[in-house]
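Heads up, the thing below is written out as structure tokens.
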Amino acid sequence: MNQPVIDLSPKVSDEIRKTTCYMCACRCGINVHMKEGKVAYIEGNRDHPVNQGVLCAKGSAGIMQHNAPSRLKAPMKRVGPRGSGEFETITWEEAYDIAEGVLRPIRETAPEKLAFFTGRDQSQSFTSLWAQGFGTPNYAAHGGFCSVNMAAAGIYTMGGAFWEFGQPDWDRTKMVMIFGVAEDHDSNPIKMGLGKVKARGAKVYGVNPIRSGYNAVADEWVGITPGTDGLFILSMVHELFKAGKLDLDYLAQFTNAPVLVNGDENSEDFGLLMRDANNKLMVIDRATGKPAAFDAMGVKPDLAGSLREAGVTHRSVFQHMAEKYLDPQYAPEAVAERTGISAERIKRIAAELADVAFNQAIELDREWTDFRGHKHDKMIGRPVSFHAMRGISAHANGFQTCRSLHVLQIILGSVETPGGMRFKPPYPKPPEAHPKPHYGVTPGQALDGPHLGFTHGPDDLALKEDGSPARIDKAFTWENPMSSHGMMHMVISNAHAGNPYKIDTLFMYMANMSWNSSMNTRGVIEMLTDKDDDGNYVIPNIIYSDAYSSEMVAYADLILPDTTYLERHDCISLLDRPICEADAVADAIRWPVVEPDRDVKGFQSALCDLGGRLGLPGFVNEDGSQKYKDYADYITNHIRRPGVGPLAGFRGDGDDHGRGDSNPEQLDRYIENGGFWMEHVPEEAAFYKPWNMDYQDWAVKKSFFDKPMPYLFNLYVEPMRRFQLAAEGVGTRQPPEHLRERIKQTMDPLPIWYSNEDENKADEYPITALTQRPMAMYHSWGSQNAWLRQIHGHNPLYVPQKIWDDNNFAEGDWAKVTSPHGEITVPVALQAALNSNTVWTWNAIGKRKGAWALDEDAPETTKGFLLNHLIHELLPPKGDGLRWANSDPITGQAAWFDLKVRIVKTTAPAESQPNMPPQKSPVGKGPSHLEWKVGK
Amino acid sequence: MTTLPTQTDKKLGLVIDLDTCVGCHACVVSCKGWNTENYGAPLSDQNPYGADPSGTFLNRVHSYEVTPDEGAAMTVHFPKSCLHCEDAPCVTVCPTGASYKRVEDGIVLVNESDCIGCGLCAWACPYGARELDQAEGVMKKCTLCVDRIYNENLPEIDRQPACVRTCPAGARHFGDLGDENSDVSKLVAERGGMDLMPELGTKPVNKYLPPRPKDDQIDILAPFLETVAEEPQGFLGWLDKTLERIG
């Protein structure tokens with residue numbers, strides 16, 4: 001046989017440059033293969049802690065993003081009306097002049113008139129510093145419309161949540177339950193983890209109305225009714241209490257379950273936790289039967305403790321929990337219909353959790369010492385673990401639902417134990433270790449501290465003296481007292497309404513607010529283009545930075561073009577949203593593996609220039625000259641606290657890690673090391689981190705905090721009780737009357753569940769409509785990617801069998817979908833593996849004509865659609881004369897997934913509706929064919 | 001007509017775990033990225049930013065729904081590429097000898113210089129695993145990354161197909177299915193690996209591991225929980241006794 005001779009060992013590339021992916025927020029390590037100075041191939045970096053060599057579809061398609069025809073080419077000044085897409089190319093010098101001309105007068109007179117919001121920013125510790133230097137209180141990134149409920153519920157309850165905070169112990173767990181997880185965040189680690197778990201034959205439960213992706217491979221699918229996850233979880237809590245299947249030892253030692261709650265109804269401290277003279281939380285010591293400080297040496301906190309004092313009984317948190325969760329309202333029979341899960345099934349799942357946690361416990365022969373000085377000879381693990389994301393957090397009951405899930409994990413004793421959920425350094429950190437919100441404005445000066453943080457009671461709210469909101473997004477007000485990530489989704493509507501005040505300039509980065517990143521897309525477009533009686537725009541100035549020709553570009557007056565992720569410096573910092581794993585602390589960089597071939601600049605470098613021009617504190621030297629010539633200079637030389645900078649690795653002379661002087665060679669050392677730095681958590685410190693003194697001491701050495709700070713998990717969240725107390729009339733800082741009842745109801749310091757159906761008019765609009773992010777796309781970015789859009793170029797509305805049959809739908813049909821707010825007409829497709837009262841579609845596939853350098857007849861624009869048109873930032877009127885925000889009343893998280901609709905078959909229109917008029921593309925259109933090959 | 005070797009020294013192929021594949025398309029894009037740059041490159045795309053984008057992909061993931069008589073419908077993600085059949089109809093149908101099966105490892109390849117783009121092989125392949133590249137007019141197909149698996153310019157650990165190296169869920173395995181002691185053969189034996197459409201007699205080398213039983217098909221071992229208390233007072237009594245016991 002004559003076989004052709006082929007070259008089995010071709011040269012792969014000239015060079016490999018290792019950096020960090022930015023095709024989504026997962027931040028994997030990548031090997032960029034270079035040929036002739038160009039990017040030729042991208043694969044996962046095997047040494048990297050996040051992805052360990054693997055890479056998802058987005059990551060592998062990075063080359064198409066880096067070379068996308070939609071890349072902006074130069075700074076631009078708007079010349080047509082807002083929204084037209086008509087721009088004139090200008091120089092950076094002109095761009096800076098325009099920006100300075102707008103920003104300097106604001107800073108000198110009223111810094112709050114700048115609203116600076118940074119979208120899917122991965123450099124928040126830097127951008128927030130800039131905003132602080134400017135002096136405006138109006139800064140946040142996109143957490144408020146993403147998953148603040150998950151993050152904040154985790155921090156308040158146990159010092160961290162999932163994703164960048166923690167993960168299941170994939171190597172040891174014997175049962176995993178995922179709630180509301182599509183492709184949101186921690187993309188590759190979840191896939192790797194599920195792969196490991198399944199290879200071991202351990203059971204995976206997928207709780208999700210939609211059986212796609214991870215839920216498709218789950219061994220058991222729980223197709224829950226959207227918005228009822230909290231009820232399902234609390235029903236399992238009910239079952240576990242009823243059966244006494246609780247880790248009593250763990251609860252007594254490591255949580256506030258034994259802490260006494262003030263039971264004196266006449267006291268101003270009613271319902272607050274009791275403290276001793278040294279301000280230590282008080283428990284009953286089981287050894288003596290007497291009250292004692294929770295952390296005193298040798299004390300044995302009594303879960304059943306109570307204290308009788310002056311005719312009043314103060315009972316432990318645990319007693320309150322038993323009372324609350326044994327209530328028949330949480331019995332499986334009582335919740336079955338609402339959740340769509342049979343009582344038998346709820347009982348069985350609770351029994352399985354208990355069986356795995358207690359009958360299949362893990363024991364590691366590792367000694368450790370807790371903060372009471374008690375030595376443990378073993379590490380005992382409860383090998384059930386959980387992961388959850390947007391599906392449970394993007395509801396108006398999301399905060400309490402996320403809290404419920406954390407409480408479930410804690411009563412099983414699984415958090416921070418082998419086989420359970422593990423924190424990733426620098427977490428866990430108690431809520432007290434985070435800043436409180438700052439909003440003190442002085443013209444011409446820096447803000448009085450960091451913008452975002454955690455409130456612990458009414459005194460921490462960002463209110464002006466007259467009680468009005470200090471922030472444009474009304475974060476940290478009585479409407480949403482614990483809005484730790486700010487509320488980006490409210491900025492434009494509040495600014496347009498001049499409520500709480502008017503602003504002058506909206507400055508945004510990487511946030512597609514005129515399209516998929518806003519509720520009520522059409523309304524937002526109108527607000528961005530609305531003019532006052534004098535013919536001036538109601539929002540006078542809009543500055544925007546993006547790397548690509550997104551829909552939002554057309555609405556800005558000034559465009560600062562960003563680079564692609566392969567052309568820029570970045571740091572994935574421990575000060576920000578780190579990339580650590582449970583067994584390792586790590587941070588990473590991006591660096592320009594190629595230089596931009598356009599007149600563009602990393603946004604952070606542009607902020608260094610602008611900060612210098614404006615003379616912002618922290619951005620200028622003593623002589624007033626610009627302090628950082630670019631972002632790389634900042635990354636290397638900025639000092640946040642003594643010895644602590646943006647990057648923890650290779651400090652000082654290059655051998656200091658965690659703390660040390662700045663090192664001019666630091667970025668080179670990162671590049672040599674593969675783009676990241678990593679150090680393993682010592683074995684004896686690997687579990688029980690909040691209470692383990694070996695971990696605490698190591699964490700101080702590594703700079704996560706400045707002194708050990710062991711703490712108890714907060715089953716009972718006292719700050720919530722403080723807000724509730726105020727609503728009951730205690731204290732001088734009082735909520736407005738119309739919010740009093742709601743605060744009393746929702747701010748329960750123990751997790752509760754409440755329905756949002758009435759507010760969303762479920763009686764008239766009975767079907768829930770959801771979105772999911774496809775695994776091969778990241779928000780709006782994927783559609784400009786020639787390879788990825790061939791995978792997800794369409795987004796039908798998926799309809800379950802029952803609704804399909806009821807409407808006599810057939811393949812190729814279209815439907816009119818109506819919500820209390822709006823109407824869309826879209827293609828439908830049948831999906832049987834779907835909750836019978838839920839419809840859904842892929843997120844952000846629909847595009848506006850003229851954006852992203854796509855042809856105007858691209859399927860994304862003709863058949864693609866957004867559900868956003870059906871969702872309003874305010875709830876439908878309920879007749880009380882007020883408009884209530886479509887947000888969680890605790891955190892302000894946008895309640896995307898509370899959307900209720902009606903659906904009816906309709907004749908197919910020429911295009912999905914509504915279909916907006918085209919924007920002019922500032923970058924032209926992409927080529928008509930590709931034969932992509934870089935090397936010879 | 002082209003002849004197949006009577007036997008091959010090895011039977012290199014993929015084992016794809018349908019129990020674990022989450023349908024993320026990582027393998028699809030990694031394959032595209034490697035193969036548009038190496039053996040058989042480029043893989044072209046037509047209308048990449050237009051109305052009906054279509055390009056050459058050597059590996060694609062399909063999703064199917066399975067609705068059992070009783071119980072919930074299931075979603076199965078099904079990655080599909082050339083199965084490197086022992087009795088490959090795409091080879092025997094080739095009029096020019098461009099399609100061939102390698103004697104040393106059984107990989108089915110196209111010698112592009114001999115390919116006339118007639119499309120007979122795509123018609124003969126029952127799996128739809130071949131793609132005619134619209135720009136070059138020649139047939140493209142999975143090469144099992146023949147330019148990676150022996151490539152001395154790659155670290156040994158990376159000498160595997162791009163799709164296997166990148167698969168985040170670990171659902172793809174590569175090895176010699178002719179060697180019953182290989183890891184992949186053992187995996188196939190352990191998990192009941194299956195041929196795709198065995199009735200056609202193509203004897204595919206690639207194997208699929210079937211999804212494990214799901215939902216109500218699972219044998220439930222854990223009994224319901226026993227109640228210790230129905231209401232708070234009883235619970236406190238139980239708690240007290242239990243705390244006494246554990247000290």
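So you can find residues: chains in the structure tokens are A, B, ... in the order shown, residues in each start at 1, and ligands are numbered from 1 in order.
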Within 6 Å of chain B: each chain A residue with its shortest pair, only C-alpha atoms, as CSV:
```
residue,atom,partner,partner_atom,distance
A:Leu8,CA,B:Asp147,CA,4.7
A:Ser9,CA,B:Asn151,CA,4.0
A:Val54,CA,B:Thr166,CA,4.2
A:Leu55,CA,B:Thr166,CA,5.2
A:Cys56,CA,B:Ala26,CA,4.3
A:Ala57,CA,B:Ala26,CA,3.7
A:Ser60,CA,B:Ser30,CA,5.3
A:Asn188,CA,B:Pro168,CA,5.8
A:Lys191,CA,B:Ala169,CA,4.7
A:Met192,CA,B:Ala169,CA,4.6
A:Gly195,CA,B:Ala169,CA,4.4
A:Gly213,CA,B:Val22,CA,4.8
A:Tyr214,CA,B:Val22,CA,5.5
A:Ala216,CA,B:Thr75,CA,5.2
A:Val217,CA,B:Thr20,CA,5.9
A:Asp219,CA,B:Lys214,CA,4.9
A:Glu220,CA,B:Asp215,CA,4.4
A:Lys242,CA,B:Ala229,CA,5.3
A:Ala243,CA,B:Thr227,CA,4.4
A:Ala322,CA,B:Pro232,CA,5.7
A:Glu323,CA,B:Pro232,CA,5.1
A:Leu326,CA,B:Glu231,CA,5.8
A:Arg348,CA,B:Phe224,CA,5.7
A:Ala351,CA,B:Leu225,CA,5.4
A:Glu352,CA,B:Ala222,CA,5.7
A:Met775,CA,B:Cys24,CA,5.2
A:Ala786,CA,B:Pro48,CA,5.0
A:Ala832,CA,B:Ala73,CA,5.8
A:Ala833,CA,B:Ala73,CA,4.6
A:Leu854,CA,B:Tyr49,CA,5.0
A:Asp855,CA,B:Gly50,CA,4.9
A:Asp857,CA,B:Ala51,CA,5.3
A:Ala858,CA,B:Ala51,CA,4.0
A:Pro859,CA,B:Ala51,CA,5.7
A:Gly926,CA,B:Tyr49,CA,5.7
A:Ser928,CA,B:Asn47,CA,4.8
A:His929,CA,B:Gln46,CA,4.6
A:Leu930,CA,B:Asp45,CA,5.0
A:Glu931,CA,B:Ser44,CA,4.4
A:Trp932,CA,B:Pro42,CA,5.8
A:Lys933,CA,B:Glu37,CA,5.1
```
Residues of segment 728-821 of chain A in alpha helix (DSSP H) according to DSSP, as a count of residues only?
16
May I ask which of the residues A:His320, A:Pro189, A:Val12, A:Glu684 is the closest one to Asp377 of chain A, counting only C-alpha atoms?
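When distances to Asp377 of chain A are compared using only C-alpha atoms, the smallest one comes from A:Glu684.
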Of the candidates B:Ser81, B:Thr143, B:Ser185, B:Thr202, which shows the shortest atom-to-atom distance to Asp105 of chain B, using only C-alpha atoms?
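Residue with the minimum atom-to-atom distance to Asp105 of chain B: B:Thr143.
The coordinates place atom CA of Leu874 of chain A at 26.4 Å from atom CA of Val799 of chain A.
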Could you work out how far atom CA of Ser182 of chain B lies from atom CA of Ile107 of chain B, giving the answer in Å with one decimal?
17.3 Å
Atomic separation - atom CA of Trp804 of chain A relative to atom CA of Ser518 of chain A, Å:
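Value for the atom CA of Ser518 of chain A-atom CA of Trp804 of chain A distance: 29.3 Å.
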